[in-house]
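In what follows, a structure is listed as structure tokens, so that the remarks can point back to it.
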Amino acid sequence: MTAPTRVPLSVLDLATVREGHGSADALRGTIEIAKAADELGYRRFWVAEHHNMPAVASTSPPVLIGAVAAHTRQIRVGSGGVMLPNHMPFVVAEQFALLEALYPGRVDLGIGRAPGTDQATAAALRGVSPYLTVEQFPEHLRTLLGLLGDERMPTERLTATPAAESFPEVWMLGSSTYGAQVAAALGLPFCYAYHFAASSDVDGALRLYRNGFQPSPRCPRPWAMVSASVLAAETAEEARFLAGPSRVMALSLRTGRLGPMISPEAAAERELSDLDRAVLESLPGTQYAGTVEEVVSSLDTLVARTGADELILAGAVHDPATRVDSLARIAKAWGPVAG
């Protein structure tokens, strides 16, 4: 019996810093995960932008993307995403135009509107510039698109590189209807951050995106990617055990007690207050943790529900080897992909 054809799968990574390990170890782990994803046939490997977080070493996507691209062969590499209010559009355009020149046809620029950090750190990133504000996001996005070759938005006297031969693929990211509407109006592919919160309105956002989509030269039809946090293991019990650190990490984010990611053993033995236990029980940490059959079934349901054209798999784990094993199990069970 022929395996069903499914949507493409991609990977999102944070360069997770483990307790007792340094940032260099986290970055080496991300590169190893990217190499495995490349060999396993995943379509994209994206890294996030977060700042001043003890558990996340992915602070500068363009730098990390360059390292990942140098150690992989065919997988697309990109940002999930660059938080545009933290940066001037020309700087971002130059960085990603340079990456595209180094690795033509392989670079994605996912753009987000959130700060990717707390307000104090955002202020440190942006300084006192009146030009780096959330309110100016639409204008800055249009400028960025123009700098990266979008002829609908020409820029005067500025080019991101002297002689561009190709351009990165620009995506709009979001976890609300705002990003969906921006992506629709500008004719961009859209990635919905469903892994942030399973209770979010992914259905409403994608409906707005598809209904309002205005075709563009580089994206003639709507293309929606949905993220999900997953972990597949030999048994459901093992998967839940390995997902324990991600639940504690989610709790730390909610309570402001940030720190490096603890081990599964430490997570299992962690003593919690009644309040922490109540909060923890409401947090998924990892949305789909179980056997590969259970995880694939959940992903199939997510695709059927959302009509996603592609899925991107998140999943913070303590050991990069755990992530590689999970991705390998899913890739084998997922089978052939469309397109």
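In the structure tokens, chains take letters A, B, ... by order of appearance, with residues numbered from 1 within each chain and ligands from 1 in the order shown.
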inquiry  = If we count only C-alpha atoms and set the cut-off at 12 Å, which residues sit around A:Leu40, ignoring sequence neighbours fewer than 2 positions away in its own chain? Please answer as a PyMOL selection string.
reply    = chain A and resi 8-11+33-38+42-45+72-75+324-336
Residues from last step as file, N, CA and C atoms, as a PDB file, in the first residue's frame:
```pdb
ATOM      1  N   PRO A   8       4.906  19.371   3.196  1.00  0.00           N
ATOM      2  CA  PRO A   8       6.308  19.401   3.618  1.00  0.00           C
ATOM      3  C   PRO A   8       6.446  19.745   5.100  1.00  0.00           C
ATOM      4  N   LEU A   9       7.537  19.253   5.682  1.00  0.00           N
ATOM      5  CA  LEU A   9       7.876  19.551   7.071  1.00  0.00           C
ATOM      6  C   LEU A   9       9.144  20.386   7.128  1.00  0.00           C
ATOM      7  N   SER A  10       9.175  21.329   8.062  1.00  0.00           N
ATOM      8  CA  SER A  10      10.353  22.150   8.317  1.00  0.00           C
ATOM      9  C   SER A  10      10.659  22.125   9.808  1.00  0.00           C
ATOM     10  N   VAL A  11      11.743  22.792  10.207  1.00  0.00           N
ATOM     11  CA  VAL A  11      12.218  22.744  11.593  1.00  0.00           C
ATOM     12  C   VAL A  11      12.502  24.153  12.097  1.00  0.00           C
ATOM     13  N   ILE A  33      21.648  19.528  14.743  1.00  0.00           N
ATOM     14  CA  ILE A  33      20.233  19.309  14.428  1.00  0.00           C
ATOM     15  C   ILE A  33      19.957  19.717  12.983  1.00  0.00           C
ATOM     16  N   ALA A  34      20.524  20.830  12.548  1.00  0.00           N
ATOM     17  CA  ALA A  34      20.322  21.297  11.165  1.00  0.00           C
ATOM     18  C   ALA A  34      20.898  20.305  10.168  1.00  0.00           C
ATOM     19  N   LYS A  35      22.066  19.775  10.451  1.00  0.00           N
ATOM     20  CA  LYS A  35      22.671  18.787   9.551  1.00  0.00           C
ATOM     21  C   LYS A  35      21.786  17.552   9.430  1.00  0.00           C
ATOM     22  N   ALA A  36      21.231  17.122  10.562  1.00  0.00           N
ATOM     23  CA  ALA A  36      20.337  15.967  10.534  1.00  0.00           C
ATOM     24  C   ALA A  36      19.068  16.278   9.750  1.00  0.00           C
ATOM     25  N   ALA A  37      18.497  17.462   9.968  1.00  0.00           N
ATOM     26  CA  ALA A  37      17.281  17.856   9.247  1.00  0.00           C
ATOM     27  C   ALA A  37      17.536  17.896   7.740  1.00  0.00           C
ATOM     28  N   ASP A  38      18.699  18.356   7.337  1.00  0.00           N
ATOM     29  CA  ASP A  38      19.084  18.402   5.931  1.00  0.00           C
ATOM     30  C   ASP A  38      19.120  16.993   5.350  1.00  0.00           C
ATOM     31  N   TYR A  42      13.992  17.480   5.460  1.00  0.00           N
ATOM     32  CA  TYR A  42      13.141  18.597   5.863  1.00  0.00           C
ATOM     33  C   TYR A  42      13.377  19.773   4.914  1.00  0.00           C
ATOM     34  N   ARG A  43      12.347  20.595   4.711  1.00  0.00           N
ATOM     35  CA  ARG A  43      12.432  21.651   3.693  1.00  0.00           C
ATOM     36  C   ARG A  43      13.204  22.871   4.175  1.00  0.00           C
ATOM     37  N   ARG A  44      12.939  23.309   5.397  1.00  0.00           N
ATOM     38  CA  ARG A  44      13.560  24.531   5.919  1.00  0.00           C
ATOM     39  C   ARG A  44      14.093  24.292   7.323  1.00  0.00           C
ATOM     40  N   PHE A  45      15.084  25.087   7.686  1.00  0.00           N
ATOM     41  CA  PHE A  45      15.574  25.112   9.058  1.00  0.00           C
ATOM     42  C   PHE A  45      15.660  26.568   9.475  1.00  0.00           C
ATOM     43  N   THR A  72      25.356  22.750   5.962  1.00  0.00           N
ATOM     44  CA  THR A  72      24.298  21.977   5.323  1.00  0.00           C
ATOM     45  C   THR A  72      24.421  22.114   3.813  1.00  0.00           C
ATOM     46  N   ARG A  73      23.641  21.285   3.090  1.00  0.00           N
ATOM     47  CA  ARG A  73      23.822  21.249   1.637  1.00  0.00           C
ATOM     48  C   ARG A  73      22.641  21.786   0.851  1.00  0.00           C
ATOM     49  N   GLN A  74      21.414  21.372   1.206  1.00  0.00           N
ATOM     50  CA  GLN A  74      20.283  21.734   0.360  1.00  0.00           C
ATOM     51  C   GLN A  74      19.095  22.319   1.112  1.00  0.00           C
ATOM     52  N   ILE A  75      18.991  22.104   2.389  1.00  0.00           N
ATOM     53  CA  ILE A  75      17.866  22.620   3.154  1.00  0.00           C
ATOM     54  C   ILE A  75      17.869  24.146   3.122  1.00  0.00           C
ATOM     55  N   VAL A 324      17.243  15.201  17.426  1.00  0.00           N
ATOM     56  CA  VAL A 324      17.584  14.506  16.183  1.00  0.00           C
ATOM     57  C   VAL A 324      16.815  13.189  16.078  1.00  0.00           C
ATOM     58  N   ASP A 325      16.748  12.452  17.175  1.00  0.00           N
ATOM     59  CA  ASP A 325      16.022  11.187  17.177  1.00  0.00           C
ATOM     60  C   ASP A 325      14.540  11.409  16.877  1.00  0.00           C
ATOM     61  N   SER A 326      13.954  12.421  17.491  1.00  0.00           N
ATOM     62  CA  SER A 326      12.544  12.730  17.264  1.00  0.00           C
ATOM     63  C   SER A 326      12.291  13.105  15.808  1.00  0.00           C
ATOM     64  N   LEU A 327      13.138  13.959  15.247  1.00  0.00           N
ATOM     65  CA  LEU A 327      12.968  14.375  13.853  1.00  0.00           C
ATOM     66  C   LEU A 327      13.131  13.196  12.900  1.00  0.00           C
ATOM     67  N   ALA A 328      14.054  12.296  13.212  1.00  0.00           N
ATOM     68  CA  ALA A 328      14.263  11.126  12.361  1.00  0.00           C
ATOM     69  C   ALA A 328      13.038  10.210  12.376  1.00  0.00           C
ATOM     70  N   ARG A 329      12.467  10.003  13.546  1.00  0.00           N
ATOM     71  CA  ARG A 329      11.270   9.163  13.650  1.00  0.00           C
ATOM     72  C   ARG A 329      10.109   9.765  12.846  1.00  0.00           C
ATOM     73  N   ILE A 330       9.932  11.073  12.991  1.00  0.00           N
ATOM     74  CA  ILE A 330       8.820  11.732  12.303  1.00  0.00           C
ATOM     75  C   ILE A 330       9.023  11.712  10.791  1.00  0.00           C
ATOM     76  N   ALA A 331      10.246  12.006  10.340  1.00  0.00           N
ATOM     77  CA  ALA A 331      10.512  12.019   8.901  1.00  0.00           C
ATOM     78  C   ALA A 331      10.244  10.657   8.279  1.00  0.00           C
ATOM     79  N   LYS A 332      10.670   9.600   8.953  1.00  0.00           N
ATOM     80  CA  LYS A 332      10.454   8.246   8.424  1.00  0.00           C
ATOM     81  C   LYS A 332       8.975   7.902   8.354  1.00  0.00           C
ATOM     82  N   ALA A 333       8.225   8.269   9.398  1.00  0.00           N
ATOM     83  CA  ALA A 333       6.793   7.941   9.423  1.00  0.00           C
ATOM     84  C   ALA A 333       5.973   8.854   8.526  1.00  0.00           C
ATOM     85  N   TRP A 334       6.448  10.074   8.288  1.00  0.00           N
ATOM     86  CA  TRP A 334       5.691  11.048   7.503  1.00  0.00           C
ATOM     87  C   TRP A 334       5.621  10.641   6.040  1.00  0.00           C
ATOM     88  N   GLY A 335       6.739  10.138   5.533  1.00  0.00           N
ATOM     89  CA  GLY A 335       6.733   9.638   4.169  1.00  0.00           C
ATOM     90  C   GLY A 335       6.818  10.722   3.109  1.00  0.00           C
ATOM     91  N   PRO A 336       6.384  10.425   1.865  1.00  0.00           N
ATOM     92  CA  PRO A 336       6.504  11.368   0.743  1.00  0.00           C
ATOM     93  C   PRO A 336       5.726  12.648   1.003  1.00  0.00           C
TER      94      PRO A 336
END
```
ask   = Could you write out, as an MDAnalysis selection string, all the residues of stretch 199-311 of chain A that DSSP marks as helix (DSSP H, G or I)?
value = chainID A and resid 202:212 236:242 244:255 264:269 274:281 292:306
Could those selected residues go to a file with C-alpha atoms, as a JSON list (two decimals), in the first residue's frame?
```json
[["chain", "number", "residue", "atom", "x", "y", "z"],
["A", 202, "VAL", "CA", -5.22, 29.86, 14.17],
["A", 203, "ASP", "CA", -8.41, 29.12, 12.22],
["A", 204, "GLY", "CA", -9.57, 32.73, 12.22],
["A", 205, "ALA", "CA", -6.12, 34.04, 11.31],
["A", 206, "LEU", "CA", -5.73, 31.68, 8.36],
["A", 207, "ARG", "CA", -9.25, 32.41, 7.19],
["A", 208, "LEU", "CA", -8.45, 36.15, 7.13],
["A", 209, "TYR", "CA", -5.19, 35.45, 5.34],
["A", 210, "ARG", "CA", -6.73, 33.36, 2.58],
["A", 211, "ASN", "CA", -9.84, 35.52, 2.10],
["A", 212, "GLY", "CA", -7.86, 38.75, 1.92],
["A", 236, "ALA", "CA", 4.50, 7.69, 25.09],
["A", 237, "GLU", "CA", 5.86, 7.50, 28.63],
["A", 238, "GLU", "CA", 9.42, 8.24, 27.44],
["A", 239, "ALA", "CA", 8.18, 11.14, 25.30],
["A", 240, "ARG", "CA", 6.36, 12.71, 28.26],
["A", 241, "PHE", "CA", 9.50, 12.29, 30.39],
["A", 242, "LEU", "CA", 11.72, 13.92, 27.73],
["A", 244, "GLY", "CA", 9.32, 17.58, 31.04],
["A", 245, "PRO", "CA", 12.02, 20.26, 30.68],
["A", 246, "SER", "CA", 9.96, 22.11, 28.05],
["A", 247, "ARG", "CA", 7.02, 22.32, 30.46],
["A", 248, "VAL", "CA", 9.28, 23.71, 33.20],
["A", 249, "MET", "CA", 10.70, 26.18, 30.67],
["A", 250, "ALA", "CA", 7.16, 27.30, 29.81],
["A", 251, "LEU", "CA", 6.45, 27.74, 33.52],
["A", 252, "SER", "CA", 9.64, 29.79, 33.94],
["A", 253, "LEU", "CA", 8.57, 32.11, 31.13],
["A", 254, "ARG", "CA", 5.16, 32.64, 32.73],
["A", 255, "THR", "CA", 6.58, 33.31, 36.20],
["A", 264, "PRO", "CA", 14.41, 15.50, 32.26],
["A", 265, "GLU", "CA", 15.47, 13.92, 35.53],
["A", 266, "ALA", "CA", 15.54, 17.29, 37.29],
["A", 267, "ALA", "CA", 12.17, 18.19, 35.79],
["A", 268, "ALA", "CA", 10.65, 14.95, 37.04],
["A", 269, "GLU", "CA", 12.03, 15.51, 40.55],
["A", 274, "ASP", "CA", 0.44, 24.34, 44.52],
["A", 275, "LEU", "CA", 0.28, 27.50, 42.41],
["A", 276, "ASP", "CA", 3.15, 26.39, 40.16],
["A", 277, "ARG", "CA", 1.57, 22.97, 39.77],
["A", 278, "ALA", "CA", -1.72, 24.53, 38.74],
["A", 279, "VAL", "CA", 0.01, 26.78, 36.19],
["A", 280, "LEU", "CA", 2.14, 23.90, 34.91],
["A", 281, "GLU", "CA", -0.88, 21.71, 34.30],
["A", 292, "VAL", "CA", 5.68, 8.63, 16.41],
["A", 293, "GLU", "CA", 2.29, 7.22, 15.43],
["A", 294, "GLU", "CA", 0.57, 9.49, 17.95],
["A", 295, "VAL", "CA", 2.55, 12.54, 16.87],
["A", 296, "VAL", "CA", 1.96, 11.96, 13.15],
["A", 297, "SER", "CA", -1.75, 11.43, 13.77],
["A", 298, "SER", "CA", -1.90, 14.75, 15.66],
["A", 299, "LEU", "CA", -0.05, 16.54, 12.85],
["A", 300, "ASP", "CA", -2.38, 15.03, 10.25],
["A", 301, "THR", "CA", -5.31, 16.36, 12.27],
["A", 302, "LEU", "CA", -3.70, 19.81, 12.47],
["A", 303, "VAL", "CA", -3.21, 19.90, 8.69],
["A", 304, "ALA", "CA", -6.79, 18.76, 8.07],
["A", 305, "ARG", "CA", -8.10, 21.39, 10.47],
["A", 306, "THR", "CA", -6.05, 24.35, 9.22]]
```
ask   = Using the chain letters and numbers from this document, which residues of stretch 37-184 of chain A does DSSP assign to strand (DSSP E or B), as a list in words?
value =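 Output for stretch 37-184 of chain A, strand (DSSP E or B) only: Arg44, Phe45, Trp46, Val47, Val56, Arg76, Val77, Gly78, Ser79, Gly80, Gly81, Val82, Met83, Val107, Asp108, Leu109, Gly110, Ile111, Gly112, Glu169, Val170, Trp171, Met172, Leu173 and Gly174 of chain A.
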Counting only C-alpha atoms, which residues of stretch 79-170 of chain A sit at most 12 Å from some atom of stretch 177-187 of chain A, and what is each one's closest atom pair with its distance in Å to one decimal, listed by chain and rising residue number, as JSON lines?
```
{"residue": "A:Gly110", "atom": "CA", "partner": "A:Ala183", "partner_atom": "CA", "distance": 11.2}
{"residue": "A:Ile111", "atom": "CA", "partner": "A:Gly179", "partner_atom": "CA", "distance": 9.6}
{"residue": "A:Gly112", "atom": "CA", "partner": "A:Gly179", "partner_atom": "CA", "distance": 8.1}
{"residue": "A:Arg113", "atom": "CA", "partner": "A:Gly179", "partner_atom": "CA", "distance": 8.0}
{"residue": "A:Ala114", "atom": "CA", "partner": "A:Gly179", "partner_atom": "CA", "distance": 10.4}
{"residue": "A:Phe137", "atom": "CA", "partner": "A:Val182", "partner_atom": "CA", "distance": 10.2}
{"residue": "A:Pro138", "atom": "CA", "partner": "A:Val182", "partner_atom": "CA", "distance": 8.0}
{"residue": "A:Glu139", "atom": "CA", "partner": "A:Val182", "partner_atom": "CA", "distance": 11.3}
{"residue": "A:Leu141", "atom": "CA", "partner": "A:Val182", "partner_atom": "CA", "distance": 9.6}
{"residue": "A:Arg142", "atom": "CA", "partner": "A:Leu186", "partner_atom": "CA", "distance": 8.5}
{"residue": "A:Leu145", "atom": "CA", "partner": "A:Leu186", "partner_atom": "CA", "distance": 9.6}
{"residue": "A:Gly146", "atom": "CA", "partner": "A:Leu186", "partner_atom": "CA", "distance": 11.7}
{"residue": "A:Asp150", "atom": "CA", "partner": "A:Leu186", "partner_atom": "CA", "distance": 10.5}
{"residue": "A:Arg152", "atom": "CA", "partner": "A:Leu186", "partner_atom": "CA", "distance": 9.7}
{"residue": "A:Met153", "atom": "CA", "partner": "A:Leu186", "partner_atom": "CA", "distance": 10.5}
{"residue": "A:Val170", "atom": "CA", "partner": "A:Ala183", "partner_atom": "CA", "distance": 10.1}
```
Can I get the selected residues back with N, CA, C and O atoms, as a compact mmCIF listing (two decimals), in the first residue's frame?
```txt
# COMPACT_ATOMS: atom_id res chain seq x y z
N GLY A 110 12.10 35.36 7.59
CA GLY A 110 10.83 35.45 8.30
C GLY A 110 10.83 36.69 9.18
O GLY A 110 11.76 36.90 9.96
N ILE A 111 9.81 37.51 9.03
CA ILE A 111 9.73 38.79 9.74
C ILE A 111 8.64 38.74 10.80
O ILE A 111 7.51 38.32 10.52
N GLY A 112 8.97 39.18 12.01
CA GLY A 112 8.00 39.27 13.08
C GLY A 112 7.87 40.69 13.60
O GLY A 112 8.74 41.54 13.36
N ARG A 113 6.78 40.92 14.32
CA ARG A 113 6.48 42.26 14.84
C ARG A 113 6.73 42.36 16.35
O ARG A 113 6.90 43.45 16.88
N ALA A 114 6.79 41.23 17.04
CA ALA A 114 7.01 41.23 18.48
C ALA A 114 8.47 41.56 18.79
O ALA A 114 9.34 41.40 17.94
N PHE A 137 6.05 49.63 11.94
CA PHE A 137 6.29 48.32 11.34
C PHE A 137 5.82 48.23 9.89
O PHE A 137 6.58 47.77 9.02
N PRO A 138 4.59 48.64 9.55
CA PRO A 138 4.16 48.51 8.14
C PRO A 138 5.07 49.25 7.16
O PRO A 138 5.43 48.71 6.10
N GLU A 139 5.46 50.47 7.54
CA GLU A 139 6.35 51.25 6.67
C GLU A 139 7.71 50.57 6.52
O GLU A 139 8.26 50.47 5.42
N LEU A 141 8.43 47.40 6.91
CA LEU A 141 8.32 46.16 6.15
C LEU A 141 8.29 46.45 4.66
O LEU A 141 8.95 45.76 3.87
N ARG A 142 7.55 47.46 4.25
CA ARG A 142 7.50 47.81 2.83
C ARG A 142 8.88 48.27 2.34
O ARG A 142 9.30 47.93 1.23
N LEU A 145 11.03 45.15 1.90
CA LEU A 145 10.68 44.42 0.69
C LEU A 145 11.26 45.11 -0.55
O LEU A 145 11.78 44.45 -1.46
N GLY A 146 11.16 46.43 -0.58
CA GLY A 146 11.73 47.15 -1.71
C GLY A 146 13.24 46.96 -1.83
O GLY A 146 13.77 46.79 -2.93
N ASP A 150 11.58 43.84 -4.37
CA ASP A 150 10.15 43.90 -4.68
C ASP A 150 9.89 45.17 -5.47
O ASP A 150 9.94 46.28 -4.94
N ARG A 152 7.29 46.47 -6.54
CA ARG A 152 6.11 47.24 -6.18
C ARG A 152 6.45 48.35 -5.20
O ARG A 152 5.67 49.29 -5.01
N MET A 153 7.63 48.25 -4.57
CA MET A 153 8.01 49.20 -3.52
C MET A 153 9.43 49.69 -3.76
O MET A 153 10.35 49.35 -3.01
N VAL A 170 10.84 36.15 1.48
CA VAL A 170 10.37 36.89 2.65
C VAL A 170 9.03 36.31 3.11
O VAL A 170 8.09 36.16 2.31
```
task = Have a look at A:Leu311, A:Met53, A:Leu231, A:Ala67 and name the one nearest to A:Gly256; count only C-alpha atoms.
result = A:Met53
request  = Rank A:Val337, A:Ala55, A:Ala123, A:Gly80 by their smallest atom-to-atom distance to A:Leu313, using only C-alpha atoms, and report the top residue only.
outcome  =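 The shortest atom-to-atom distance to A:Leu313 comes from A:Gly80.
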key: Among the residues A:Thr5, A:Ser263, A:Ser166, A:Ser23, the one that comes closest to A:Arg218 [using only C-alpha atoms]   = A:Ser166
query = So which one's closest to A:Ser175, A:Thr30, A:Ser227, A:Thr286, A:Asn52? Using only C-alpha atoms, please.
reply = A:Ser227
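Note that atom CA of A:Pro189 and atom CA of A:Ala160 are 21.6 Å apart.
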